[in-house]
Amino acid sequence: MEEELELCKEDMERNLANLRNNFSTLRTGRASARMLDSVEVEYYGDRISLISIASVSVPEARQLLVKPYDRNDIKAIIAGINAANLGLTPINDGNVIRLNIPALTEERRREIAKTAKKYAEEGKIAMRNARRDCLDMIKEAEYPEDMQKKLEADVQKLTDEYCKKVDEEYSVKEKDIMTI
């Protein structure tokens, strides 16, 4: 009985962590090494993550420093950053790549906020899917009707709680994005 709820809670917790991860890749006007997590680089015919062939650091509040493990990969890294469409212009210093984070315009902030809203909606959908899976498990377990109703109510309460957490995460991120 409790194991279904526990599995549902673990699934929702995993979905919430995924949402936080998605939010961390959004630009807010400050430099963050997580901004480059989605960048893929052409590496000997394969597409691999930038962070597997270079280190990313934040020397200043508005600058990222990408230091490739092999200097020969600089051109591929620059091409990958440009292809990722992050709105950043890579500057090749010979051994490292500098990325200056420009100040966000009001229009760009609104676009990023829309993306954050989309991530939040996807997070809520994931929570509802977890609820559906849990309700299916409860029905398959063939509990007595009164116990089944109580479990369904508990699952709904858990879903509401996690959807509220998604909304809270979104409002914090939106405030962060819209703050100049």
# chains A, B, ... in the order shown; residues from 1 in each chain; ligands from 1

call {"tool": "closest_atom_pairs", "arguments": {"of": "stretch 1-55 of chain A", "to": "stretch 107-120 of chain A", "cutoff": "12 Å", "atoms": "only C-alpha atoms", "output": "JSON lines"}}
result
{"residue": "A:Asn15", "atom": "CA", "partner": "A:Ala120", "partner_atom": "CA", "distance": 10.6}
{"residue": "A:Leu16", "atom": "CA", "partner": "A:Ala120", "partner_atom": "CA", "distance": 9.5}
{"residue": "A:Ala17", "atom": "CA", "partner": "A:Ala120", "partner_atom": "CA", "distance": 11.9}
{"residue": "A:Asn18", "atom": "CA", "partner": "A:Tyr119", "partner_atom": "CA", "distance": 9.7}
{"residue": "A:Leu19", "atom": "CA", "partner": "A:Tyr119", "partner_atom": "CA", "distance": 6.7}
{"residue": "A:Arg20", "atom": "CA", "partner": "A:Tyr119", "partner_atom": "CA", "distance": 9.3}
{"residue": "A:Asn21", "atom": "CA", "partner": "A:Tyr119", "partner_atom": "CA", "distance": 10.1}
{"residue": "A:Asn22", "atom": "CA", "partner": "A:Tyr119", "partner_atom": "CA", "distance": 7.0}
{"residue": "A:Phe23", "atom": "CA", "partner": "A:Ala116", "partner_atom": "CA", "distance": 6.6}
{"residue": "A:Ser24", "atom": "CA", "partner": "A:Ala116", "partner_atom": "CA", "distance": 10.0}
{"residue": "A:Thr25", "atom": "CA", "partner": "A:Ala116", "partner_atom": "CA", "distance": 10.0}
{"residue": "A:Leu26", "atom": "CA", "partner": "A:Ile112", "partner_atom": "CA", "distance": 6.9}
{"residue": "A:Arg27", "atom": "CA", "partner": "A:Ile112", "partner_atom": "CA", "distance": 7.3}
{"residue": "A:Thr28", "atom": "CA", "partner": "A:Arg109", "partner_atom": "CA", "distance": 7.8}
{"residue": "A:Gly29", "atom": "CA", "partner": "A:Arg109", "partner_atom": "CA", "distance": 8.9}

call {"tool": "select_by_dssp", "arguments": {"residues": "stretch 17-128 of chain A", "states": "helix (DSSP H, G or I)", "output": "PyMOL selection string"}}
result
chain A and resi 17-24+33-36+50-52+71-83+106-128

call {"tool": "atom_distance", "arguments": {"atom1": "atom CA of A:Arg128", "atom2": "atom CA of A:Glu161"}}
result
11.6 Å

call {"tool": "residues_around", "arguments": {"residues": "A:Leu88", "least_positions_apart": "5", "cutoff": "7 Å", "atoms": "only C-alpha atoms", "output": "JSON, numbers by chain"}}
result
{"A": [99, 100, 101]}

call {"tool": "closest_residue", "arguments": {"among": "A:Cys163, A:Leu158, A:Ala103, A:Val39", "to": "A:Ala76", "atoms": "only C-alpha atoms"}}
result
A:Val39

call {"tool": "atom_distance", "arguments": {"atom1": "atom CA of A:Ile177", "atom2": "atom CA of A:Pro102"}}
result
13.7 Å

call {"tool": "atom_distance", "arguments": {"atom1": "atom CA of A:Gly123", "atom2": "atom CA of A:Val155"}}
result
16.7 Å

call {"tool": "residues_around", "arguments": {"residues": "A:Glu6", "least_positions_apart": "5", "cutoff": "12 Å", "atoms": "only C-alpha atoms", "output": "list in words"}}
result
Met1, Asp11, Met12, Glu13, Ala130, Arg131, Cys134, Met137, Leu151, Asp154, Val155 and Leu158 of chain A

call {"tool": "closest_residue", "arguments": {"among": "A:Met127, A:Met178, A:Met147, A:Leu64", "to": "A:Thr159", "atoms": "only C-alpha atoms"}}
result
A:Met127

call {"tool": "residues_around", "arguments": {"residues": "A:Glu152", "least_positions_apart": "4", "cutoff": "8 Å", "atoms": "only C-alpha atoms", "output": "ChimeraX atom specification"}}
result
/A:135,138,148,156

call {"tool": "residues_around", "arguments": {"residues": "A:Gly80", "least_positions_apart": "6", "cutoff": "12 Å", "atoms": "only C-alpha atoms", "output": "ChimeraX atom specification"}}
result
/A:36-43,47-51,53,73-74,86,88-90

call {"tool": "write_last_selection", "arguments": {"atoms": "C-alpha atoms", "output": "tab-separated table (two decimals), in the first residue's frame"}}
result
chain	number	residue	atom	x	y	z
A	36	LEU	CA	26.83	25.24	-21.79
A	37	ASP	CA	25.43	21.86	-20.67
A	38	SER	CA	23.33	21.55	-23.82
A	39	VAL	CA	26.20	22.34	-26.22
A	40	GLU	CA	27.28	19.40	-28.37
A	41	VAL	CA	30.54	19.36	-30.30
A	42	GLU	CA	31.57	17.40	-33.40
A	43	TYR	CA	34.46	15.24	-32.13
A	47	ARG	CA	28.48	14.46	-31.34
A	48	ILE	CA	29.56	14.70	-27.70
A	49	SER	CA	28.92	17.09	-24.85
A	50	LEU	CA	31.21	20.12	-24.60
A	51	ILE	CA	31.95	19.44	-20.94
A	53	ILE	CA	36.29	17.69	-23.92
A	73	ASP	CA	39.50	21.02	-30.50
A	74	ILE	CA	39.05	24.82	-30.30
A	86	LEU	CA	22.81	30.62	-27.12
A	88	LEU	CA	26.94	34.14	-27.19
A	89	THR	CA	29.92	35.04	-29.37
A	90	PRO	CA	33.01	32.90	-28.71

call {"tool": "select_by_dssp", "arguments": {"residues": "stretch 29-177 of chain A", "states": "strand (DSSP E)", "output": "PyMOL selection string"}}
result
chain A and resi 40-43+46-49+54-60+63-68+90-92+97-100

call {"tool": "residues_around", "arguments": {"residues": "A:Asp167", "least_positions_apart": "5", "cutoff": "9 Å", "atoms": "only C-alpha atoms", "output": "JSON, numbers by chain"}}
result
{"A": [120, 124, 162, 172]}

call {"tool": "closest_residue", "arguments": {"among": "A:Ile125, A:Val56, A:Ala141, A:Ala31", "to": "A:Ile77", "atoms": "only C-alpha atoms"}}
result
A:Val56
